[in-house]
Structures are given as structure tokens and as C-alpha cells.
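Engineer: My questions will all concern the structure given below.
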Amino acid sequence: MDEVLMDADFSIELGREDPVLDFPWTDPASKLAYVDVKRCPELMASIEEAEEFPELGEFLRVMNSARSMVETAKCDAWATTELSVGEDVYDASHKFASYVDVVFSEIDVRLSLSAHEQFARKLVELLRRVPDTPSAAEVCVRRCYFADDGDVREGFYCTLYVSGYGNEEASARRNWGVGLKLMGNAVVQLSAQGVG
């Protein structure tokens with residue numbers, strides 16, 4: 001019997017209708033804003049999602065650690081019972097999911113589409129080697145506008161989606177936590193190798 005591996009995929013989303021990120025960002029009501037956790041780890045306490053979901057907080061710590069070549073820009077996590085037809089393979093009634101937007105710490109790499117595509121491809125390759133787990137990962141490369149001293153440069157960022165599945169919210173959340181750990185480990189491993 002063939003070994004089943006983690007479901008992981010990536011996409012390049014640069015169309016006019018696709019999401020974009022302004023970095024650093026502030027929401028229109030100025031209630032929420034980008035928090036530089038890479039350089040100021042103590043600011044983690046100001047990220048509500050990290051406080052509400054310790055698994056996400058741990059993932060953000062890994063993404064913003066010195067061992068990681070990326071840093072986080074935005075995140076969210078949620079539970080749902082609305083699953084798509086493609087998610088039938090998990091034979092689950094619940095999903096726990098999150099996204100984390102990441103940018104490369106090195107300014108030059110932020111502007112390179114090929115570096116982002118290579119990162120997404122290698123990340124997915126690593127995740128697909130993981131033995132089957134009721135979790136899934138997707139990496140989306142998207143357009144980012146980096147503001148720097150009144151100058152705006154067009155570059156790219158990645159959205160890292162992780163979902164966990166189960167027959168109740170608790171097991172879906174547990175499997176999501178496993179998926180986040182696997183994603184974090186893969187990013188750290190890639191960071192050690194470098195892009196290119």
C-alpha cells in the first residue's frame with residue numbers, strides 16, 4: 001500500500017482580483033496595525049489571535065525567530081463546519097484553519113518573484129514528505145507593496161494556510177496544531193538552506 005502524505009500545494013496569485021498586502025499595514029479604522037514581532041518579540045502580547053490560540057502564538061514565535069528567514073505581517077484563525085467538496089477526503093465534520101502572511105526579512109528577496117516561487121515550491125515539497133496527517137497546507141505567492149520612507153516598492157509575500165480536520169472542534173484544532181508545527185519546522189529547515 002502506498003504511503004499517504006500530507007496534502008500541500010502552492011499557487012501564484014498575481015491577478016487584478018487577487019489579494020495584495022500593504023506592508024506595513026493599518027486597517028481602515030486604525031484599530032489594528034502591523035506589529036514588528038521579529039525585532040520586538042515583546043509585542044507578541046498585542047496580537048489577539050496569538051493570545052487566543054496558543055498554537056498560533058507558538059507558530060508566530062517560530063516564524064519571527066532568528067532561525068527563520070521570514071517574518072509575519074498578518075494572521076487569523078477560525079473554526080468552521082463548512083467544508084468544501086474537496087475536503088471530503090478527511091471524512092470530517094469540523095475544520096480549524098488559519099492564515100499567516102509572511103514577508104522575507106531581506107529586502108532584496110522581497111522583490112524577487114523567483115525567490116518566492118522557489119520558497120513556495122520547496123516548502124510544499126518538504127510538507128508533502130510528512131506522513132499523512134488530517135491537516136492540509138497551502139502557500140500562496142501574492143503581490144505586496146512595501147512602504148519605505150515615503151517610497152513604495154512592489155514586491156511579493158506569501159500567505160501560509162494551515163487547516164486541521166476532525167469530527168469535533170477539539171480534534172480539528174489538535175490536527176491544525178500539528179499542521180502548524182510541521183509548517184514551522186519546514187520554514188526553519190528551508191531558512192537553514194537559504195533561498196536559491
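Chains: A, B, ... in order of the C-alpha cells. Residues: from 1 per chain. Ligands: from 1, in order shown.
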Pull the strand (DSSP E) assignments for chain A out of DSSP run on the backbone, and list those residues as a ChimeraX atom specification.

Structural biologist: /A:7-13,20-23,70-80,94-104,135-148,151-166

Engineer: Give me, as JSON, numbers by chain, all polymer residues having an atom no more than 9 Å from Ala97 in chain A, counting only C-alpha atoms and skipping those fewer than 6 positions away in the same chain.

Structural biologist: {"A": [76, 77, 78, 79, 80, 161, 162, 163, 164, 165, 172, 173, 176]}

Engineer: Select from chain A everything DSSP, run on the backbone, classes as helix (DSSP H, G or I), then give the selection as number ranges by chain.

Structural biologist: A: 41-46, 48-52, 54-63, 85-90, 107-110, 113-128, 169-193

Engineer: Env of range 51-66 of chain A: 6 Å cut, atoms = only C-alpha atoms, seq-sep filter 3 positions within chain, self excluded. Answer as a list in words.

Structural biologist: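 Within the cut-off, the hits are Lys38, Glu48, Glu71 and Gly177 of chain A.
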
Engineer: Just write the chosen residues, C-alpha atoms, as a tab-separated table (two decimals), in the first residue's frame.

Structural biologist:
chain	number	residue	atom	x	y	z
A	38	LYS	CA	10.73	39.94	14.60
A	48	GLU	CA	-5.09	38.98	19.97
A	71	GLU	CA	8.66	37.48	9.44
A	177	GLY	CA	-1.79	22.48	15.74

Engineer: Give me the residues near Asn185 in chain A as a PyMOL selection string, where near means some atom within 10 Å (using only C-alpha atoms) and where sequence neighbours in that chain fewer than 3 positions away do not count.

Structural biologist: chain A and resi 59+62-63+68+123+126-127+179-182+188-191

Engineer: Show me a table, sorted first by chain and then by increasing residue number, of the residues of range 123-189 of chain A having an atom at most 12 Å from range 25-30 of chain A, each with its shortest atom pair and the distance in Å to one decimal, counting only C-alpha atoms and written as a tab-separated table.

Structural biologist:
residue	atom	partner	partner_atom	distance
A:Cys144	CA	A:Trp25	CA	10.6
A:Tyr145	CA	A:Trp25	CA	9.7
A:Phe146	CA	A:Trp25	CA	9.4
A:Ala147	CA	A:Trp25	CA	9.2
